[in-house]
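Accompanying notes for the structure given below.
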Amino acid sequence: MDEARSGQTEPEGVRLQKVLAQAGIASRRASEELILDGRVEVNGRIVTELGTRVEPERDTIRVDGSRIPPPRHHVYLVLNKPRGVVSTMEDPEGRRTLADYVPARSSRLFHVGRLDTMTEGLIILTNDGEFAHRLAHPSYEVKKTYLVEVAGTVDPRTIKRMEKGIVLDDGPVRPDRVKLVSATETRSMLRVTLHEGRNRIVRRMLEAVGHPVDRLSRIAIGPVRLGQLPVGETRELTRDELGKLLDIVGM
């Protein structure tokens, strides 16, 4: 007997414990315990009913406050870009590009924010155009962290000057934080965090205070850390990283 004749329809959505299990949070049984313990939220409300059904593509689900991303239909990669590689997927001059370091895919990948050719480090690649657009848009103020090797010894006054803001030819820049990591008589290593992405902004800021950059690497974008990822290698964003980024960009 079909649904029209029986008067019965299939319940909408997917059982919450199944969604959690499929996301790799815990087994089905353990996911039920999480729900019963009041540790699961759906659209901002704690859910304790085991029969609750959700739409994983549409509903915002959290466990212990951490966002659980919907099932992945897109690719989200982290690449440790080598020096000397241009931040494009193809280059008419025949230089090495990002495409040389990612697995061959049928769909086009977008890079989230550029790194200049001689800057290495973390770059995010995805075929989710809306995600890429939002993550790169300055209105979301996604923080980026760089490890910078510069000429000369950077003194505390220079660090304070940078943190108060430097005026460049295209306007002021005020990093969120500048920390001296190490220093010798001829070299200093800094960790610089800022939430804007103007062209060569870190290099220009340090040149403005008299410390030209010798080596520059981006080591973090928001909650995503480069960690021990070898130069030229890729990995997928973790569930936790993607969930936090989706929250940051309002998706």
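Naming scheme: A, B, ... for chains in displayed order of the structure tokens; residues 1 onward per chain; ligands 1 onward as shown.
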
Find the nearest atom pair between each residue of region 53-121 of chain A and region 197-210 of chain A for residues within 10 Å, count only C-alpha atoms, give distances in Å to one decimal, sort rows by chain and ascending number, and present the table as a tab-separated table.
residue	atom	partner	partner_atom	distance
A:Gly113	CA	A:Gly197	CA	7.4
A:Arg114	CA	A:Asn199	CA	8.3
A:Leu115	CA	A:Arg200	CA	8.0
A:Asp116	CA	A:Arg200	CA	6.9
A:Thr119	CA	A:Arg200	CA	9.3

Close residues, Pro156 (chain A) itself excluded, 12 Å, only C-alpha atoms, min 2 positions apart in chain, as a compact mmCIF listing (two decimals) with N, CA and C atoms, in the first residue's frame:
# COMPACT_ATOMS: atom_id res chain seq x y z
N THR A 153 67.36 44.08 15.05
CA THR A 153 66.75 43.75 16.34
C THR A 153 65.53 44.64 16.55
N VAL A 154 64.37 44.03 16.69
CA VAL A 154 63.13 44.79 16.90
C VAL A 154 62.97 45.06 18.39
N THR A 158 59.31 49.66 19.01
CA THR A 158 58.85 49.43 17.65
C THR A 158 57.59 48.57 17.65
N ILE A 159 57.55 47.57 18.51
CA ILE A 159 56.37 46.72 18.61
C ILE A 159 55.16 47.53 19.05
N LYS A 160 55.34 48.40 20.04
CA LYS A 160 54.24 49.26 20.50
C LYS A 160 53.78 50.20 19.39
N ARG A 161 54.73 50.69 18.63
CA ARG A 161 54.39 51.59 17.52
C ARG A 161 53.51 50.87 16.49
N MET A 162 53.88 49.62 16.18
CA MET A 162 53.08 48.86 15.22
C MET A 162 51.68 48.59 15.77
N GLU A 163 51.61 48.21 17.05
CA GLU A 163 50.31 47.87 17.64
C GLU A 163 49.40 49.09 17.76
N VAL A 178 51.41 41.89 17.91
CA VAL A 178 52.78 41.67 17.43
C VAL A 178 53.58 41.15 18.62
N LYS A 179 54.20 39.99 18.45
CA LYS A 179 54.98 39.39 19.53
C LYS A 179 56.38 39.05 19.05
N LEU A 180 57.37 39.43 19.83
CA LEU A 180 58.75 39.07 19.52
C LEU A 180 58.98 37.62 19.96
N ALA A 183 65.35 36.91 19.03
CA ALA A 183 66.14 37.98 18.42
C ALA A 183 67.63 37.73 18.64
N SER A 188 65.54 39.21 13.82
CA SER A 188 64.44 39.07 14.79
C SER A 188 63.34 38.21 14.16
N LEU A 190 59.28 37.49 14.53
CA LEU A 190 58.05 38.04 15.09
C LEU A 190 56.86 37.15 14.72

Report as a ChimeraX atom specification all protein, DNA and RNA residues lying within 8 Å of region 75-92 of chain A, evaluated on only C-alpha atoms, omitting residues in the same chain fewer than 3 positions from it. /A:72,95-99,101-102,109,111,114-128,226,229-237

Report, in Å to a single decimal, how far apart CA of Leu245 (chain A) and CA of Ser66 (chain A) are. 11.3 Å

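Counting only C-alpha atoms, the residue from A:Arg191, A:Lys143, A:Arg239, A:Arg225 that sits nearest to Gln22 (chain A) is A:Arg239.
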
Rounded to one decimal place, report the CA of Asp247 (chain A)-CA of Arg67 (chain A) distance in Å. 7.5 Å

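In this structure, CA of Glu185 (chain A) sits 14.9 Å away from CA of Pro212 (chain A).
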
As a ChimeraX atom specification, list the residues of region 6-235 of chain A assigned to strand (DSSP E) by DSSP on the backbone atoms of this structure. /A:14-15,40-42,45-46,53-54,61-63,66-68,76-81,110-112,120-126,144-151,166-168,171-173,177-183,187-194,213-221,224-225,234-235

Got a sec: who's within 9 Å of Ile68 (chain A), counting only C-alpha atoms, leaving out chain neighbours fewer than 3 positions off, as an NGL selection string? :A and (20 or 23 or 25 or 60-63 or 239-240 or 242-244)

Using DSSP on the backbone coordinates, identify all residues within region 55-241 of chain A classified as helix (DSSP H, G or I); present the result as number ranges by chain. A: 98-101, 129-136, 138-140, 156-164, 201-208, 239-241

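Minimum atom-to-atom distance to Asp214 (chain A), evaluated using only C-alpha atoms, belongs to A:Gly152 out of A:Pro103, A:Gly94, A:Pro175, A:Gly152.
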
May I have the residues within 9 Å of region 40-56 of chain A as a ChimeraX atom specification, using only C-alpha atoms and disregarding those fewer than 4 positions away in the same chain? /A:11-17,19,32,34-36,60-65,69-71

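Proximity ranking of A:Leu194, A:Leu216, A:Ala21, A:Val173 relative to Val142 (chain A) places A:Leu194 first, based on only C-alpha atoms.
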
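Excluding region 129-134 of chain A itself and same-chain residues fewer than 4 positions from it, the residues having an atom within 8 Å of it are A:Phe110, A:His111, A:Val112, A:Tyr140, A:Leu246, A:Val249, A:Met251, counting only C-alpha atoms.
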